[in-house]
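Engineer: So that you have it, the file is upload_15.cif, and it contains mmCIF, C-alpha atoms:
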```cif
data_my_file
loop_
_atom_site.label_atom_id
_atom_site.label_comp_id
_atom_site.auth_asym_id
_atom_site.auth_seq_id
_atom_site.Cartn_x
_atom_site.Cartn_y
_atom_site.Cartn_z
CA MET C 226 -13.60 11.23 8.94
CA ALA C 227 -14.50 7.73 10.12
CA ARG C 228 -12.77 4.72 8.63
CA VAL C 229 -13.69 1.04 8.44
CA TYR C 230 -11.22 -1.68 7.51
CA VAL C 231 -12.15 -5.36 7.44
CA SER C 232 -10.16 -8.14 5.79
CA SER C 233 -10.22 -11.91 5.54
CA VAL C 234 -8.84 -14.98 3.78
CA LEU C 235 -10.89 -17.05 1.32
CA ASN C 236 -9.98 -20.56 0.20
CA ALA C 237 -10.60 -19.87 -3.48
CA THR C 238 -8.59 -18.31 -6.30
CA VAL C 239 -8.89 -14.61 -6.95
CA SER C 240 -10.52 -15.27 -10.30
CA SER C 241 -13.28 -17.41 -8.81
CA VAL C 242 -13.97 -14.93 -5.99
CA TRP C 243 -13.94 -12.05 -8.49
CA ASN C 244 -16.37 -13.96 -10.66
CA ARG C 245 -18.76 -14.06 -7.69
CA ILE C 246 -18.46 -10.46 -6.50
CA ARG C 247 -17.62 -8.43 -9.62
CA ASP C 248 -21.20 -7.74 -10.69
CA PHE C 249 -22.17 -4.38 -9.15
CA ASN C 250 -25.78 -5.50 -9.46
CA GLY C 251 -25.15 -8.95 -7.97
CA LEU C 252 -24.96 -8.20 -4.25
CA SER C 253 -28.24 -9.99 -3.54
CA ARG C 254 -26.76 -13.22 -4.96
CA TRP C 255 -23.91 -13.38 -2.43
CA HIS C 256 -24.65 -10.99 0.42
CA PRO C 257 -27.23 -12.18 2.98
CA THR C 258 -28.51 -8.72 3.99
CA ILE C 259 -29.44 -7.63 0.44
CA ARG C 260 -32.92 -8.53 -0.78
CA ASP C 261 -32.95 -7.20 -4.33
CA SER C 262 -30.97 -4.91 -6.58
CA LYS C 263 -31.34 -3.15 -9.90
CA ILE C 264 -29.23 -0.78 -11.97
CA GLU C 265 -30.94 2.52 -12.77
CA ASP C 266 -31.53 3.82 -16.31
CA GLY C 267 -30.98 0.40 -17.89
CA ASN C 268 -27.20 0.75 -17.71
CA PRO C 269 -24.89 -2.28 -17.69
CA SER C 270 -23.58 -3.02 -14.19
CA ASP C 271 -19.94 -2.62 -15.22
CA LYS C 272 -20.42 0.87 -16.65
CA VAL C 273 -18.45 3.14 -14.34
CA GLY C 274 -20.87 5.78 -13.10
CA CYS C 275 -23.88 3.44 -13.02
CA ILE C 276 -26.18 3.51 -9.97
CA ARG C 277 -27.41 0.45 -8.10
CA ASN C 278 -30.66 0.73 -6.25
CA PHE C 279 -31.23 -2.02 -3.70
CA HIS C 280 -33.22 -3.05 -0.66
CA LEU C 281 -31.95 -4.62 2.53
CA GLN C 282 -33.85 -7.56 4.04
CA ASN C 283 -35.42 -5.05 6.50
CA GLY C 284 -36.79 -2.98 3.62
CA ASP C 285 -34.33 -0.06 3.78
CA GLN C 286 -33.44 1.36 0.40
CA ILE C 287 -29.91 2.36 -0.61
CA ARG C 288 -28.56 3.92 -3.81
CA GLU C 289 -24.87 3.60 -4.61
CA GLN C 290 -22.78 4.76 -7.56
CA LEU C 291 -19.89 2.83 -9.12
CA LEU C 292 -16.80 5.06 -9.19
CA ALA C 293 -14.09 2.62 -10.26
CA LEU C 294 -13.88 -0.99 -11.47
CA SER C 295 -10.70 -2.87 -12.31
CA ASP C 296 -10.56 -6.36 -13.79
CA TYR C 297 -6.78 -6.04 -13.69
CA ASP C 298 -6.35 -5.14 -10.01
CA TYR C 299 -9.56 -6.85 -8.85
CA PHE C 300 -11.29 -4.02 -7.03
CA TYR C 301 -14.27 -1.73 -7.24
CA THR C 302 -15.04 1.55 -5.53
CA TYR C 303 -18.44 3.10 -4.94
CA SER C 304 -20.14 5.90 -3.08
CA ILE C 305 -23.46 6.11 -1.26
CA LEU C 306 -25.94 8.52 -2.83
CA GLU C 307 -28.90 7.81 -0.54
CA SER C 308 -29.31 5.69 2.56
CA PRO C 309 -31.10 5.75 5.92
CA MET C 310 -27.74 5.83 7.73
CA PRO C 311 -26.70 9.14 9.36
CA LEU C 312 -23.54 9.64 7.30
CA SER C 313 -22.22 11.58 4.30
CA ASP C 314 -19.37 11.44 1.78
CA TYR C 315 -19.23 7.66 2.04
CA ILE C 316 -16.72 5.96 -0.28
CA ALA C 317 -15.95 2.25 -0.09
CA THR C 318 -13.64 -0.18 -1.90
CA ILE C 319 -13.66 -3.95 -2.07
CA ARG C 320 -10.40 -5.51 -3.25
CA LEU C 321 -8.91 -8.95 -3.86
CA THR C 322 -5.23 -9.88 -3.79
CA PRO C 323 -3.89 -13.37 -4.53
CA ILE C 324 -2.34 -15.43 -1.73
CA THR C 325 0.09 -17.34 -3.94
CA GLU C 326 1.21 -19.78 -1.27
CA ILE C 327 -2.23 -21.34 -0.79
CA ASP C 328 -3.81 -20.29 -4.10
CA GLY C 329 -6.32 -18.34 -2.04
CA SER C 330 -7.58 -14.77 -1.85
CA PHE C 331 -6.98 -11.92 0.54
CA ILE C 332 -10.13 -9.80 0.58
CA GLU C 333 -10.30 -6.26 1.95
CA TRP C 334 -13.31 -4.00 2.28
CA THR C 335 -12.73 -0.42 3.36
CA ALA C 336 -14.91 2.62 3.79
CA GLU C 337 -14.48 6.27 4.69
CA PHE C 338 -17.26 8.65 5.59
CA ASP C 339 -18.26 11.68 7.64
CA CYS C 340 -20.77 11.54 10.49
CA GLU C 341 -21.62 13.04 13.86
CA ALA C 342 -19.02 12.02 16.46
CA ALA C 343 -21.72 10.40 18.59
CA ASP C 344 -22.73 8.10 15.72
CA ALA C 345 -19.23 7.06 14.65
CA GLU C 346 -18.67 4.00 16.82
CA ASP C 347 -22.07 2.54 16.05
CA LEU C 348 -21.71 3.12 12.30
CA ILE C 349 -18.19 1.67 12.19
CA ASN C 350 -19.38 -1.48 13.98
CA THR C 351 -22.52 -1.87 11.92
CA ILE C 352 -20.78 -1.37 8.59
CA GLY C 353 -17.68 -3.38 9.55
CA GLN C 354 -19.46 -6.34 11.12
CA ASN C 355 -23.04 -6.49 9.83
CA VAL C 356 -22.20 -5.53 6.26
CA PHE C 357 -18.56 -6.26 5.40
CA GLN C 358 -17.74 -9.18 7.72
CA ALA C 359 -21.19 -10.67 7.11
CA GLY C 360 -20.37 -10.63 3.40
CA PHE C 361 -17.03 -12.35 4.04
CA ASP C 362 -18.70 -15.00 6.20
CA SER C 363 -21.15 -15.70 3.41
CA LEU C 364 -18.32 -16.00 0.86
CA LYS C 365 -16.38 -18.29 3.21
CA ARG C 366 -19.41 -20.56 3.59
CA HIS C 367 -19.85 -20.63 -0.19
CA PHE C 368 -16.24 -21.48 -1.01
CA ASP C 369 -15.69 -23.89 1.88
CA ALA C 370 -18.81 -25.84 1.00
CA MET V 24 10.57 -7.11 -17.83
CA VAL V 25 9.98 -9.97 -15.41
CA LYS V 26 7.49 -9.64 -12.57
CA VAL V 27 7.41 -11.76 -9.44
CA PHE V 28 4.56 -11.75 -6.95
CA GLU V 29 4.47 -13.98 -3.87
CA SER V 30 2.18 -13.74 -0.86
CA THR V 31 1.35 -15.64 2.28
CA VAL V 32 -0.65 -15.58 5.51
CA LEU V 33 1.06 -15.53 8.91
CA ASN V 34 -0.63 -16.55 12.16
CA ALA V 35 0.46 -13.44 14.05
CA PRO V 36 -0.76 -9.86 14.41
CA VAL V 37 0.65 -7.49 11.81
CA GLU V 38 2.53 -5.36 14.36
CA GLU V 39 4.47 -8.40 15.52
CA VAL V 40 5.58 -9.28 11.99
CA TRP V 41 6.42 -5.68 11.13
CA GLU V 42 8.67 -5.48 14.19
CA ILE V 43 10.80 -8.29 12.72
CA ILE V 44 10.92 -7.36 9.04
CA ARG V 45 11.01 -3.56 9.34
CA ASP V 46 14.76 -3.50 10.03
CA PHE V 47 16.47 -3.04 6.65
CA ASN V 48 19.63 -4.34 8.32
CA GLY V 49 17.98 -7.39 9.92
CA HIS V 50 17.80 -9.90 7.09
CA ASP V 51 20.86 -11.76 8.34
CA TYR V 52 18.81 -12.54 11.45
CA TRP V 53 15.95 -14.19 9.59
CA HIS V 54 16.79 -14.94 5.95
CA PRO V 55 18.85 -18.10 5.33
CA LEU V 56 20.46 -16.71 2.16
CA ILE V 57 22.08 -13.83 4.03
CA LYS V 58 25.14 -14.50 6.15
CA GLU V 59 26.02 -10.94 7.18
CA SER V 60 24.43 -7.57 6.76
CA LYS V 61 25.64 -4.07 7.46
CA ILE V 62 24.52 -0.59 6.55
CA GLU V 63 27.14 1.42 4.69
CA LYS V 64 28.50 4.67 6.13
CA ARG V 65 27.05 3.71 9.53
CA LEU V 66 23.70 5.18 8.64
CA PRO V 67 20.64 4.12 10.64
CA SER V 68 18.78 1.30 8.89
CA ASP V 69 15.55 3.30 8.75
CA LYS V 70 17.11 6.25 6.98
CA VAL V 71 15.58 6.25 3.50
CA GLY V 72 18.41 6.16 0.96
CA CYS V 73 20.69 4.00 3.14
CA ILE V 74 22.50 1.08 1.50
CA ARG V 75 22.70 -2.41 2.96
CA ASN V 76 25.65 -4.57 2.13
CA PHE V 77 25.04 -8.33 2.31
CA ILE V 78 27.50 -11.17 2.37
CA LEU V 79 25.53 -14.08 0.93
CA ALA V 80 25.58 -17.52 2.56
CA GLU V 81 26.98 -18.92 -0.69
CA GLY V 82 29.57 -16.13 -0.94
CA GLY V 83 29.39 -12.96 -2.96
CA ILE V 84 28.26 -9.47 -2.08
CA LEU V 85 24.95 -7.82 -2.74
CA ARG V 86 24.13 -4.14 -2.21
CA GLU V 87 20.61 -2.76 -1.96
CA GLN V 88 19.25 0.73 -1.36
CA LEU V 89 16.18 1.62 0.70
CA LEU V 90 13.78 3.68 -1.44
CA THR V 91 10.65 3.82 0.73
CA LEU V 92 9.87 2.95 4.33
CA SER V 93 6.39 3.43 5.74
CA ASP V 94 5.36 2.67 9.30
CA VAL V 95 1.83 3.71 8.35
CA GLU V 96 1.49 1.26 5.46
CA MET V 97 3.91 -1.25 7.01
CA ALA V 98 5.79 -1.41 3.74
CA PHE V 99 9.22 -0.84 2.27
CA SER V 100 10.75 -0.72 -1.20
CA TYR V 101 14.34 -1.18 -2.29
CA CYS V 102 16.45 -1.57 -5.40
CA LEU V 103 19.51 -3.65 -6.20
CA LEU V 104 22.75 -1.77 -6.80
CA ASP V 105 25.32 -4.57 -7.11
CA THR V 106 24.73 -8.29 -7.37
CA PRO V 107 26.52 -11.43 -8.50
CA ILE V 108 23.23 -12.51 -10.13
CA PRO V 109 22.23 -10.87 -13.44
CA LEU V 110 19.15 -8.97 -12.23
CA PHE V 111 18.89 -5.50 -13.74
CA ASN V 112 16.61 -2.60 -12.79
CA TYR V 113 15.45 -4.72 -9.86
CA ILE V 114 12.91 -2.96 -7.64
CA SER V 115 11.14 -4.81 -4.87
CA HIS V 116 8.22 -4.01 -2.59
CA VAL V 117 7.35 -5.64 0.72
CA ARG V 118 4.00 -4.97 2.31
CA LEU V 119 2.06 -6.24 5.31
CA LEU V 120 -1.69 -5.90 5.70
CA PRO V 121 -3.81 -6.84 8.70
CA ILE V 122 -6.30 -9.70 8.38
CA THR V 123 -8.92 -8.43 10.80
CA ASP V 124 -10.85 -11.71 10.59
CA GLY V 125 -8.63 -13.70 12.99
CA ASP V 126 -5.95 -11.05 13.75
CA LYS V 127 -3.42 -12.44 11.27
CA THR V 128 -1.12 -10.95 8.67
CA PHE V 129 -1.16 -10.86 4.88
CA TRP V 130 2.34 -10.42 3.48
CA ASN V 131 3.16 -9.74 -0.13
CA TRP V 132 6.61 -9.48 -1.63
CA GLU V 133 6.92 -8.49 -5.25
CA SER V 134 9.46 -7.19 -7.72
CA SER V 135 10.14 -6.35 -11.32
CA PHE V 136 13.48 -6.65 -13.11
CA ASP V 137 15.24 -7.31 -16.41
CA THR V 138 17.49 -10.29 -17.13
CA PRO V 139 19.74 -11.46 -19.95
CA ASP V 140 17.70 -13.02 -22.79
CA GLY V 141 16.70 -16.59 -22.08
CA GLN V 142 17.18 -16.43 -18.30
CA GLU V 143 13.78 -14.90 -17.49
CA ASN V 144 12.11 -18.07 -16.19
CA GLU V 145 15.13 -19.36 -14.30
CA LEU V 146 15.68 -16.06 -12.48
CA LYS V 147 11.99 -15.50 -11.86
CA LYS V 148 11.82 -18.89 -10.15
CA MET V 149 15.03 -18.23 -8.21
CA VAL V 150 13.76 -14.91 -6.84
CA GLY V 151 10.26 -16.26 -6.06
CA ASP V 152 11.34 -19.57 -4.52
CA GLU V 153 14.79 -19.00 -3.05
CA VAL V 154 14.35 -15.44 -1.83
CA TYR V 155 10.68 -14.73 -1.15
CA LYS V 156 9.20 -18.15 -0.28
CA ARG V 157 12.22 -19.11 1.82
CA GLY V 158 11.86 -15.77 3.59
CA PHE V 159 8.19 -16.51 4.33
CA GLN V 160 9.18 -19.92 5.70
CA SER V 161 11.88 -18.48 7.99
CA ILE V 162 9.56 -15.88 9.46
CA LYS V 163 6.94 -18.56 10.06
CA GLU V 164 9.50 -20.62 11.98
CA ILE V 165 10.56 -17.61 14.07
CA LEU V 166 6.93 -16.81 14.89
CA ASN V 167 6.28 -20.45 15.83
CA ILE V 168 9.20 -20.40 18.26
CA LYS V 169 7.89 -17.15 19.77
CA ILE V 170 4.41 -18.64 20.16
CA SER V 171 5.71 -21.85 21.77
CA LYS V 172 7.90 -19.85 24.16
CA GLY V 173 4.89 -17.73 25.05
CA PHE V 174 2.89 -20.85 25.92
CA SER V 175 5.64 -22.25 28.15
CA CYS V 176 5.84 -19.12 30.32
#
```
Go ahead and render the structure in this file as structure tokens.
Structural biologist:
Amino acid sequence: MARVYVSSVLNATVSSVWNRIRDFNGLSRWHPTIRDSKIEDGNPSDKVGCIRNFHLQNGDQIREQLLALSDYDYFYTYSILESPMPLSDYIATIRLTPITEIDGSFIEWTAEFDCEAADAEDLINTIGQNVFQAGFDSLKRHFDA
Amino acid sequence: MVKVFESTVLNAPVEEVWEIIRDFNGHDYWHPLIKESKIEKRLPSDKVGCIRNFILAEGGILREQLLTLSDVEMAFSYCLLDTPIPLFNYISHVRLLPITDGDKTFWNWESSFDTPDGQENELKKMVGDEVYKRGFQSIKEILNIKISKGFSC
């Protein structure tokens, strides 16, 4: 089982960050590597169990299913159904926690998955840096602007 | 039921902060409200179930019991047994999380408790400001001293 853990600090309240990231179909509006996204079967994007079908800027297609969404604890959890990456049983969670002292947000993005041992390091780096940290950097630019 | 939640960011790696706050008998070293601390029955301070006995800086005795200690999660929980302040059913959780972006530490300290009617806001503010935020401040000062000593070597 490989594990990715990436976390950061955002200079914006939890409610404003949540407002930006909550939409399971909204990745293309805040994440630079996502080109487009739609929810399959005409479901609303906050229906737990819904599937998002999106393309990366390089054209790769990924399908992910929403497993949990909490407006109370500010997190959502999803799994990968289809992707070009050599991995399986991928489950990820993105979570916000208030930093009361600065009225900011602590953001964590974690993933667990199975893969061939030879692929693990590469996948952990790609997912941790090119996907998760790249998303944080984009949020930081947005909220610091 | 009153709930308090306070959190901060420390400019130090999480392992370094955990080393300071992990000791259930170490609050007299870093928290200004605590004058003396000892563990009852000479138990080790990382034995879950042990009781710490504080003499407060302003006088009075406070006893707290360790309910959870996790070196994996870098977290501990405790409850109040005896206190000069009217906090009932007080349970508190301390947790550190790594901030990988910059190698810093996220620290949250939270609790829930009951109070006599009408004292909810006053005691909520006391716990949040006097206990948790002052604790954050003290640890920040200790870490700053460590950093400045490191630079002078």
Engineer: Do you have, as CSV, the list of residues of chain C lying at most 7 Å from chain V, each with its nearest atom pair and that distance in Å to one decimal, counting only C-alpha atoms and ordered by chain then number?
Structural biologist:
```
residue,atom,partner,partner_atom,distance
C:Val231,CA,V:Thr123,CA,5.6
C:Ser232,CA,V:Ile122,CA,4.9
C:Ser233,CA,V:Asp124,CA,5.1
C:Ile324,CA,V:Ser30,CA,4.9
C:Thr325,CA,V:Ser30,CA,5.2
C:Glu326,CA,V:Thr31,CA,5.5
```
Engineer: Translate the PyMOL selection byres ((chain V and resi 85) around 8) into a concrete residue list for this structure, as a list in words.
Structural biologist: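 That selection, the PyMOL selection byres ((chain V and resi 85) around 8), comes back as Asn76, Phe77, Ile78, Leu79, Gly83, Ile84, Arg86, Glu87, Leu103, Leu104, Asp105, Thr106 and Pro107 of chain V.
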Engineer: Pick out the residues sitting within 8 Å of Pro55 of chain V, and hand them over as number ranges by chain; count all atoms listed in the file, and ignore anything fewer than 6 positions along from it in its own chain.
Structural biologist: V: 80, 157-158, 161
Engineer: Name every residue that the PyMOL selection byres ((chain C and resi 284-293) around 6) selects in this structure, writing the answer as a VMD selection string with chains first and numbers rising.
Structural biologist: chain C and resid 273 to 283 294 301 to 308
Engineer: Can you report as AutoDock Vina command-line options the centre and edge lengths in Å, to one decimal, of an axis-aligned box around the listed atoms of segment 71-88 of chain V padded with 6 Å on each side?
Structural biologist:
```
--center_x 22.6 --center_y -6.3 --center_z 0.3 --size_x 26.0 --size_y 37.2 --size_z 18.5
```
Engineer: Evaluate the PyMOL selection byres ((chain C and resi 331) around 6) and record the selected residues as a list in words, following the chain and residue labels used in the document.
Structural biologist: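 This file, filtered by the PyMOL selection byres ((chain C and resi 331) around 6), leaves Ser233, Val234, Leu321, Thr322, Ser330 and Ile332 of chain C.
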